[in-house]
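Source file: model-v3.pdb (PDB, C-alpha atoms)
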MODEL        1
ATOM      1  CA  MET A   1    -111.141-163.315 -71.014  1.00  0.00           C
ATOM      2  CA  ALA A   2    -109.231-164.324 -67.889  1.00  0.00           C
ATOM      3  CA  ALA A   3    -108.725-162.725 -64.489  1.00  0.00           C
ATOM      4  CA  VAL A   4    -104.984-162.231 -64.133  1.00  0.00           C
ATOM      5  CA  ALA A   5    -102.584-161.313 -61.345  1.00  0.00           C
ATOM      6  CA  LEU A   6     -99.268-159.566 -61.982  1.00  0.00           C
ATOM      7  CA  TYR A   7     -96.094-160.348 -60.075  1.00  0.00           C
ATOM      8  CA  ALA A   8     -93.064-158.033 -60.228  1.00  0.00           C
ATOM      9  CA  ARG A   9     -89.829-158.011 -58.284  1.00  0.00           C
ATOM     10  CA  VAL A  10     -86.812-155.724 -58.013  1.00  0.00           C
ATOM     11  CA  SER A  11     -83.805-156.238 -55.780  1.00  0.00           C
ATOM     12  CA  THR A  12     -83.328-152.770 -54.338  1.00  0.00           C
ATOM     13  CA  GLN A  13     -85.265-149.736 -53.149  1.00  0.00           C
ATOM     14  CA  ASP A  14     -82.706-147.118 -54.251  1.00  0.00           C
ATOM     15  CA  GLY A  15     -84.754-145.824 -57.176  1.00  0.00           C
ATOM     16  CA  LYS A  16     -82.499-147.372 -59.816  1.00  0.00           C
ATOM     17  CA  GLN A  17     -84.833-150.347 -60.221  1.00  0.00           C
ATOM     18  CA  ASP A  18     -88.506-149.517 -60.627  1.00  0.00           C
ATOM     19  CA  PRO A  19     -91.095-152.332 -60.504  1.00  0.00           C
ATOM     20  CA  GLU A  20     -93.483-150.094 -62.451  1.00  0.00           C
ATOM     21  CA  THR A  21     -91.420-150.820 -65.565  1.00  0.00           C
ATOM     22  CA  GLN A  22     -92.362-154.488 -65.301  1.00  0.00           C
ATOM     23  CA  LEU A  23     -95.953-153.789 -64.268  1.00  0.00           C
ATOM     24  CA  ARG A  24     -96.589-151.418 -67.168  1.00  0.00           C
ATOM     25  CA  GLU A  25     -95.490-153.991 -69.739  1.00  0.00           C
ATOM     26  CA  LEU A  26     -97.505-156.712 -68.018  1.00  0.00           C
ATOM     27  CA  ARG A  27    -100.656-154.567 -67.995  1.00  0.00           C
ATOM     28  CA  GLU A  28    -100.223-153.866 -71.704  1.00  0.00           C
ATOM     29  CA  TRP A  29     -99.734-157.573 -72.381  1.00  0.00           C
ATOM     30  CA  ALA A  30    -102.881-158.447 -70.449  1.00  0.00           C
ATOM     31  CA  ALA A  31    -104.843-155.810 -72.366  1.00  0.00           C
ATOM     32  CA  ARG A  32    -103.667-157.216 -75.711  1.00  0.00           C
ATOM     33  CA  ASN A  33    -104.876-160.652 -74.612  1.00  0.00           C
ATOM     34  CA  GLY A  34    -108.233-159.261 -73.528  1.00  0.00           C
ATOM     35  CA  ASP A  35    -107.577-160.215 -69.906  1.00  0.00           C
ATOM     36  CA  VAL A  36    -108.562-158.292 -66.777  1.00  0.00           C
ATOM     37  CA  VAL A  37    -105.921-157.457 -64.156  1.00  0.00           C
ATOM     38  CA  VAL A  38    -107.439-158.079 -60.737  1.00  0.00           C
ATOM     39  CA  ALA A  39    -104.319-157.800 -58.552  1.00  0.00           C
ATOM     40  CA  ALA A  40    -100.641-156.851 -58.592  1.00  0.00           C
ATOM     41  CA  TYR A  41     -97.992-158.167 -56.222  1.00  0.00           C
ATOM     42  CA  VAL A  42     -94.601-156.464 -55.875  1.00  0.00           C
ATOM     43  CA  ASP A  43     -91.583-157.575 -53.877  1.00  0.00           C
ATOM     44  CA  LEU A  44     -88.542-155.411 -53.176  1.00  0.00           C
ATOM     45  CA  ALA A  45     -86.138-158.232 -52.412  1.00  0.00           C
ATOM     46  CA  SER A  46     -83.554-160.541 -53.879  1.00  0.00           C
ATOM     47  CA  GLY A  47     -84.907-163.399 -55.966  1.00  0.00           C
ATOM     48  CA  SER A  48     -82.586-165.756 -54.105  1.00  0.00           C
ATOM     49  CA  LYS A  49     -84.675-165.344 -50.938  1.00  0.00           C
ATOM     50  CA  ALA A  50     -87.756-167.481 -50.394  1.00  0.00           C
ATOM     51  CA  GLU A  51     -89.231-165.277 -47.664  1.00  0.00           C
ATOM     52  CA  ARG A  52     -90.785-162.645 -49.896  1.00  0.00           C
ATOM     53  CA  SER A  53     -94.061-161.410 -48.451  1.00  0.00           C
ATOM     54  CA  GLU A  54     -95.806-160.600 -51.729  1.00  0.00           C
ATOM     55  CA  LEU A  55     -94.781-163.885 -53.336  1.00  0.00           C
ATOM     56  CA  GLN A  56     -96.216-165.750 -50.361  1.00  0.00           C
ATOM     57  CA  ARG A  57     -99.428-163.711 -50.610  1.00  0.00           C
ATOM     58  CA  LEU A  58     -99.582-164.457 -54.341  1.00  0.00           C
ATOM     59  CA  LEU A  59     -99.293-168.196 -53.710  1.00  0.00           C
ATOM     60  CA  LYS A  60    -101.965-168.047 -50.993  1.00  0.00           C
ATOM     61  CA  ASP A  61    -104.376-166.151 -53.244  1.00  0.00           C
ATOM     62  CA  ALA A  62    -103.685-168.567 -56.093  1.00  0.00           C
ATOM     63  CA  HIS A  63    -104.701-171.419 -53.811  1.00  0.00           C
ATOM     64  CA  THR A  64    -108.083-169.747 -53.249  1.00  0.00           C
ATOM     65  CA  ARG A  65    -108.436-169.093 -57.006  1.00  0.00           C
ATOM     66  CA  GLN A  66    -108.740-165.326 -56.814  1.00  0.00           C
ATOM     67  CA  PHE A  67    -107.423-165.227 -60.401  1.00  0.00           C
ATOM     68  CA  ASP A  68    -106.966-167.594 -63.336  1.00  0.00           C
ATOM     69  CA  THR A  69    -103.478-166.652 -64.523  1.00  0.00           C
ATOM     70  CA  VAL A  70    -100.278-165.157 -63.124  1.00  0.00           C
ATOM     71  CA  LEU A  71     -98.198-162.981 -65.443  1.00  0.00           C
ATOM     72  CA  ILE A  72     -94.516-162.368 -64.725  1.00  0.00           C
ATOM     73  CA  TRP A  73     -92.063-160.205 -66.658  1.00  0.00           C
ATOM     74  CA  ALA A  74     -89.345-162.900 -66.734  1.00  0.00           C
ATOM     75  CA  LEU A  75     -88.648-166.189 -65.008  1.00  0.00           C
ATOM     76  CA  ASP A  76     -85.891-164.732 -62.816  1.00  0.00           C
ATOM     77  CA  ARG A  77     -88.395-162.228 -61.422  1.00  0.00           C
ATOM     78  CA  LEU A  78     -90.267-165.163 -59.880  1.00  0.00           C
ATOM     79  CA  SER A  79     -87.209-166.854 -58.394  1.00  0.00           C
ATOM     80  CA  ARG A  80     -83.449-167.212 -58.554  1.00  0.00           C
ATOM     81  CA  GLU A  81     -83.304-169.833 -55.826  1.00  0.00           C
ATOM     82  CA  GLY A  82     -82.442-172.813 -58.008  1.00  0.00           C
ATOM     83  CA  ILE A  83     -84.187-175.812 -59.534  1.00  0.00           C
ATOM     84  CA  ALA A  84     -86.150-177.246 -56.624  1.00  0.00           C
ATOM     85  CA  PRO A  85     -87.734-173.985 -55.401  1.00  0.00           C
ATOM     86  CA  MET A  86     -88.560-172.866 -58.948  1.00  0.00           C
ATOM     87  CA  LEU A  87     -90.318-176.128 -59.752  1.00  0.00           C
ATOM     88  CA  ARG A  88     -92.086-176.027 -56.406  1.00  0.00           C
ATOM     89  CA  TYR A  89     -93.612-172.630 -57.239  1.00  0.00           C
ATOM     90  CA  ILE A  90     -94.725-173.857 -60.642  1.00  0.00           C
ATOM     91  CA  GLU A  91     -96.214-177.011 -59.145  1.00  0.00           C
ATOM     92  CA  LEU A  92     -98.090-174.941 -56.554  1.00  0.00           C
ATOM     93  CA  PHE A  93     -99.648-172.822 -59.296  1.00  0.00           C
ATOM     94  CA  LYS A  94    -100.531-175.909 -61.328  1.00  0.00           C
ATOM     95  CA  ALA A  95    -102.043-177.628 -58.279  1.00  0.00           C
ATOM     96  CA  ALA A  96    -104.200-174.545 -57.702  1.00  0.00           C
ATOM     97  CA  GLY A  97    -105.341-174.619 -61.325  1.00  0.00           C
ATOM     98  CA  VAL A  98    -103.643-171.285 -62.021  1.00  0.00           C
ATOM     99  CA  ARG A  99    -101.777-170.712 -65.275  1.00  0.00           C
ATOM    100  CA  LEU A 100     -98.294-169.128 -65.191  1.00  0.00           C
ATOM    101  CA  ARG A 101     -96.982-167.114 -68.144  1.00  0.00           C
ATOM    102  CA  SER A 102     -93.848-165.051 -68.726  1.00  0.00           C
ATOM    103  CA  LEU A 103     -93.656-162.044 -71.020  1.00  0.00           C
ATOM    104  CA  ARG A 104     -89.931-162.326 -71.784  1.00  0.00           C
ATOM    105  CA  ASP A 105     -89.837-166.121 -71.841  1.00  0.00           C
ATOM    106  CA  SER A 106     -92.436-166.900 -74.480  1.00  0.00           C
ATOM    107  CA  TRP A 107     -91.935-170.639 -73.991  1.00  0.00           C
ATOM    108  CA  LEU A 108     -93.080-170.415 -70.356  1.00  0.00           C
ATOM    109  CA  ASP A 109     -96.754-171.257 -70.276  1.00  0.00           C
ATOM    110  CA  THR A 110     -97.797-173.914 -67.791  1.00  0.00           C
ATOM    111  CA  ASP A 111    -100.726-174.841 -70.002  1.00  0.00           C
ATOM    112  CA  HIS A 112     -98.188-176.244 -72.486  1.00  0.00           C
ATOM    113  CA  PRO A 113     -97.152-179.884 -71.793  1.00  0.00           C
ATOM    114  CA  THR A 114     -93.417-179.353 -72.471  1.00  0.00           C
ATOM    115  CA  THR A 115     -92.935-176.392 -70.131  1.00  0.00           C
ATOM    116  CA  PRO A 116     -91.991-178.380 -66.971  1.00  0.00           C
ATOM    117  CA  LEU A 117     -89.203-180.148 -68.860  1.00  0.00           C
ATOM    118  CA  LEU A 118     -87.851-176.916 -70.306  1.00  0.00           C
ATOM    119  CA  ILE A 119     -87.900-175.220 -66.915  1.00  0.00           C
ATOM    120  CA  SER A 120     -86.065-178.121 -65.289  1.00  0.00           C
ATOM    121  CA  VAL A 121     -83.288-177.969 -67.873  1.00  0.00           C
ATOM    122  CA  LEU A 122     -82.883-174.184 -67.775  1.00  0.00           C
ATOM    123  CA  ALA A 123     -83.024-174.013 -63.986  1.00  0.00           C
ATOM    124  CA  TRP A 124     -80.328-176.692 -63.797  1.00  0.00           C
ATOM    125  CA  VAL A 125     -78.120-174.717 -66.180  1.00  0.00           C
ATOM    126  CA  ALA A 126     -78.617-171.549 -64.117  1.00  0.00           C
ATOM    127  CA  GLU A 127     -77.709-173.366 -60.916  1.00  0.00           C
ATOM    128  CA  GLN A 128     -74.526-174.740 -62.490  1.00  0.00           C
ATOM    129  CA  GLU A 129     -73.577-171.253 -63.640  1.00  0.00           C
ATOM    130  CA  ARG A 130     -74.040-169.832 -60.143  1.00  0.00           C
ATOM    131  CA  ALA A 131     -71.837-172.629 -58.773  1.00  0.00           C
ATOM    132  CA  ARG A 132     -69.131-171.774 -61.312  1.00  0.00           C
ATOM    133  CA  ILE A 133     -69.309-168.098 -60.364  1.00  0.00           C
ATOM    134  CA  GLN A 134     -68.914-168.909 -56.676  1.00  0.00           C
ATOM    135  CA  THR A 135     -65.952-171.163 -57.443  1.00  0.00           C
ATOM    136  CA  ARG A 136     -64.333-168.400 -59.510  1.00  0.00           C
ATOM    137  CA  VAL A 137     -64.818-165.830 -56.741  1.00  0.00           C
ATOM    138  CA  GLN A 138     -63.427-168.135 -54.077  1.00  0.00           C
ATOM    139  CA  ALA A 139     -60.431-168.952 -56.276  1.00  0.00           C
ATOM    140  CA  GLY A 140     -59.848-165.231 -56.860  1.00  0.00           C
ATOM    141  CA  LEU A 141     -59.966-164.567 -53.113  1.00  0.00           C
ATOM    142  CA  ALA A 142     -57.518-167.364 -52.430  1.00  0.00           C
ATOM    143  CA  ARG A 143     -55.077-166.091 -55.075  1.00  0.00           C
ATOM    144  CA  ALA A 144     -55.325-162.534 -53.800  1.00  0.00           C
ATOM    145  CA  LYS A 145     -54.684-163.577 -50.210  1.00  0.00           C
ATOM    146  CA  THR A 146     -51.746-165.757 -51.192  1.00  0.00           C
ATOM    147  CA  HIS A 147     -50.077-163.720 -53.937  1.00  0.00           C
ATOM    148  CA  GLY A 148     -51.631-160.269 -53.641  1.00  0.00           C
ATOM    149  CA  THR A 149     -53.521-158.415 -56.363  1.00  0.00           C
ATOM    150  CA  LYS A 150     -52.196-157.370 -59.767  1.00  0.00           C
ATOM    151  CA  SER A 151     -51.261-154.041 -58.225  1.00  0.00           C
ATOM    152  CA  GLY A 152     -48.848-155.920 -55.967  1.00  0.00           C
ATOM    153  CA  LYS A 153     -50.831-155.346 -52.783  1.00  0.00           C
ATOM    154  CA  PRO A 154     -52.499-158.002 -50.640  1.00  0.00           C
ATOM    155  CA  ILE A 155     -56.267-158.170 -50.639  1.00  0.00           C
ATOM    156  CA  GLY A 156     -56.543-156.131 -47.436  1.00  0.00           C
ATOM    157  CA  ARG A 157     -59.576-155.100 -45.383  1.00  0.00           C
ATOM    158  CA  PRO A 158     -61.651-153.181 -47.999  1.00  0.00           C
ATOM    159  CA  ALA A 159     -62.302-156.131 -50.330  1.00  0.00           C
ATOM    160  CA  ALA A 160     -62.790-158.462 -47.382  1.00  0.00           C
ATOM    161  CA  LEU A 161     -65.283-156.025 -45.857  1.00  0.00           C
ATOM    162  CA  VAL A 162     -67.338-155.807 -49.021  1.00  0.00           C
ATOM    163  CA  GLY A 163     -67.601-159.557 -49.463  1.00  0.00           C
ATOM    164  CA  LEU A 164     -66.857-160.458 -53.062  1.00  0.00           C
ATOM    165  CA  LEU A 165     -69.699-162.933 -53.433  1.00  0.00           C
ATOM    166  CA  GLY A 166     -72.283-160.350 -52.432  1.00  0.00           C
ATOM    167  CA  LEU A 167     -70.705-157.679 -54.606  1.00  0.00           C
ATOM    168  CA  LEU A 168     -70.548-159.969 -57.613  1.00  0.00           C
ATOM    169  CA  LYS A 169     -74.238-160.809 -57.322  1.00  0.00           C
ATOM    170  CA  LEU A 170     -75.167-157.124 -57.171  1.00  0.00           C
ATOM    171  CA  ARG A 171     -72.983-156.263 -60.173  1.00  0.00           C
ATOM    172  CA  GLU A 172     -74.562-159.109 -62.151  1.00  0.00           C
ATOM    173  CA  GLN A 173     -77.948-157.508 -61.509  1.00  0.00           C
ATOM    174  CA  GLY A 174     -76.677-154.358 -63.208  1.00  0.00           C
ATOM    175  CA  LEU A 175     -76.293-152.218 -60.094  1.00  0.00           C
ATOM    176  CA  SER A 176     -73.924-149.264 -60.227  1.00  0.00           C
ATOM    177  CA  VAL A 177     -70.975-148.832 -57.877  1.00  0.00           C
ATOM    178  CA  ALA A 178     -73.020-146.349 -55.829  1.00  0.00           C
ATOM    179  CA  ALA A 179     -75.994-148.732 -55.587  1.00  0.00           C
ATOM    180  CA  CYS A 180     -73.714-151.627 -54.584  1.00  0.00           C
ATOM    181  CA  ALA A 181     -72.119-149.505 -51.890  1.00  0.00           C
ATOM    182  CA  LYS A 182     -75.512-148.532 -50.474  1.00  0.00           C
ATOM    183  CA  GLU A 183     -76.768-152.115 -50.538  1.00  0.00           C
ATOM    184  CA  LEU A 184     -73.636-153.421 -48.804  1.00  0.00           C
ATOM    185  CA  GLY A 185     -73.388-150.544 -46.328  1.00  0.00           C
ATOM    186  CA  VAL A 186     -69.884-149.488 -47.365  1.00  0.00           C
ATOM    187  CA  SER A 187     -68.364-146.515 -49.186  1.00  0.00           C
ATOM    188  CA  GLU A 188     -68.144-146.236 -52.971  1.00  0.00           C
ATOM    189  CA  SER A 189     -64.352-146.127 -52.731  1.00  0.00           C
ATOM    190  CA  THR A 190     -64.400-149.479 -50.915  1.00  0.00           C
ATOM    191  CA  VAL A 191     -66.414-151.047 -53.735  1.00  0.00           C
ATOM    192  CA  LYS A 192     -64.125-149.514 -56.358  1.00  0.00           C
ATOM    193  CA  ARG A 193     -61.037-150.865 -54.602  1.00  0.00           C
ATOM    194  CA  ALA A 194     -62.591-154.329 -54.418  1.00  0.00           C
ATOM    195  CA  ILE A 195     -63.305-154.278 -58.170  1.00  0.00           C
ATOM    196  CA  ARG A 196     -59.884-152.863 -59.123  1.00  0.00           C
ATOM    197  CA  GLY A 197     -58.088-155.309 -56.843  1.00  0.00           C
ATOM    198  CA  ASN A 198     -59.811-158.382 -58.250  1.00  0.00           C
ATOM    199  CA  PRO A 199     -59.933-158.091 -62.057  1.00  0.00           C
ATOM    200  CA  GLU A 200     -59.908-161.879 -62.357  1.00  0.00           C
ATOM    201  CA  VAL A 201     -63.303-161.896 -60.615  1.00  0.00           C
ATOM    202  CA  PHE A 202     -65.011-158.829 -62.071  1.00  0.00           C
TER     203      PHE A 202
ENDMDL
END

Show me, as structure tokens, the structure contained in the file I just sent.
Amino acid sequence: MAAVALYARVSTQDGKQDPETQLRELREWAARNGDVVVAAYVDLASGSKAERSELQRLLKDAHTRQFDTVLIWALDRLSREGIAPMLRYIELFKAAGVRLRSLRDSWLDTDHPTTPLLISVLAWVAEQERARIQTRVQAGLARAKTHGTKSGKPIGRPAALVGLLGLLKLREQGLSVAACAKELGVSESTVKRAIRGNPEVF
């Protein structure tokens, strides 16, 4: 029986993403393993940001060994910052003697000797994919500015105001048009126009 901490993260506070969904499954997983949940840490922030207060508190508490294991719902809940930050977090847990396990990624168990290699490879692939997405968005913006959209109109202020990179990231997280608009601080019609005007991106 181990003392475990749960870490959950969602990107928005609009009610469409509920961290309790992750926490409930993690509690059930811990119970099946006969472990005791001693703490839960929840961040309402993008996984691409390092300055997440609950993640920092989790790392600090791991260093003082307030628990034996950290359970996460999936690897991208811990971080979407890229290879180096992801490996840094894992190394910090390992240095503290704290095990890291993922419910959705059954291969992720820092007690297993091959896990660091697997994480390095997958994190590298994810980083390359993000780079390709950014290149595609920038190319789409350049084409729209130069030749106009498929509707025959130039890109105009609405799409520029939204910021296609930010919108694309939100859409990839499964957010609705309304949720994207709220997150970006623009109207739903602005988001819709950006999507309709850039089919090569979305």

Computed interatomic separation between atom CA of A:Asp68 and atom CA of A:Ala5 (Å): 7.9 Å

Long-range neighbours of stretch 94-110 of chain A as a PyMOL selection string, 8 Å cut-off, all atoms listed in the file, 5 positions minimum in chain: chain A and resi 26+29+62-65+67-75+115-116+119

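Between atom CA of A:Asp76 and atom CA of A:Ser46 there is a distance of 10.1 Å.
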
Computed interatomic separation between atom CA of A:His112 and atom CA of A:Arg88 (Å): 17.2 Å

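Among the candidates A:Leu184, A:Ser120, A:Leu78, A:Glu28, the one nearest to A:Ala50 when counting all atoms listed in the file is A:Leu78.
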
Result set of the PyMOL selection byres ((chain A and resi 38) around 6) on the coordinates above, as an NGL selection string: :A and (4-5 or 37 or 39)

Matched chain/residue IDs from the PyMOL selection byres ((chain A and resi 56) around 12), as a PDB file with C-alpha atoms, in the coordinates of the input:
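After the write, selection-v8.pdb holds the following:
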ATOM      1  CA  TYR A   7     -96.094-160.348 -60.075  1.00  0.00           C
ATOM      2  CA  TYR A  41     -97.992-158.167 -56.222  1.00  0.00           C
ATOM      3  CA  VAL A  42     -94.601-156.464 -55.875  1.00  0.00           C
ATOM      4  CA  ASP A  43     -91.583-157.575 -53.877  1.00  0.00           C
ATOM      5  CA  LYS A  49     -84.675-165.344 -50.938  1.00  0.00           C
ATOM      6  CA  ALA A  50     -87.756-167.481 -50.394  1.00  0.00           C
ATOM      7  CA  GLU A  51     -89.231-165.277 -47.664  1.00  0.00           C
ATOM      8  CA  ARG A  52     -90.785-162.645 -49.896  1.00  0.00           C
ATOM      9  CA  SER A  53     -94.061-161.410 -48.451  1.00  0.00           C
ATOM     10  CA  GLU A  54     -95.806-160.600 -51.729  1.00  0.00           C
ATOM     11  CA  LEU A  55     -94.781-163.885 -53.336  1.00  0.00           C
ATOM     12  CA  ARG A  57     -99.428-163.711 -50.610  1.00  0.00           C
ATOM     13  CA  LEU A  58     -99.582-164.457 -54.341  1.00  0.00           C
ATOM     14  CA  LEU A  59     -99.293-168.196 -53.710  1.00  0.00           C
ATOM     15  CA  LYS A  60    -101.965-168.047 -50.993  1.00  0.00           C
ATOM     16  CA  ASP A  61    -104.376-166.151 -53.244  1.00  0.00           C
ATOM     17  CA  ALA A  62    -103.685-168.567 -56.093  1.00  0.00           C
ATOM     18  CA  HIS A  63    -104.701-171.419 -53.811  1.00  0.00           C
ATOM     19  CA  LEU A  78     -90.267-165.163 -59.880  1.00  0.00           C
ATOM     20  CA  TYR A  89     -93.612-172.630 -57.239  1.00  0.00           C
ATOM     21  CA  LEU A  92     -98.090-174.941 -56.554  1.00  0.00           C
ATOM     22  CA  PHE A  93     -99.648-172.822 -59.296  1.00  0.00           C
TER      23      PHE A  93
END
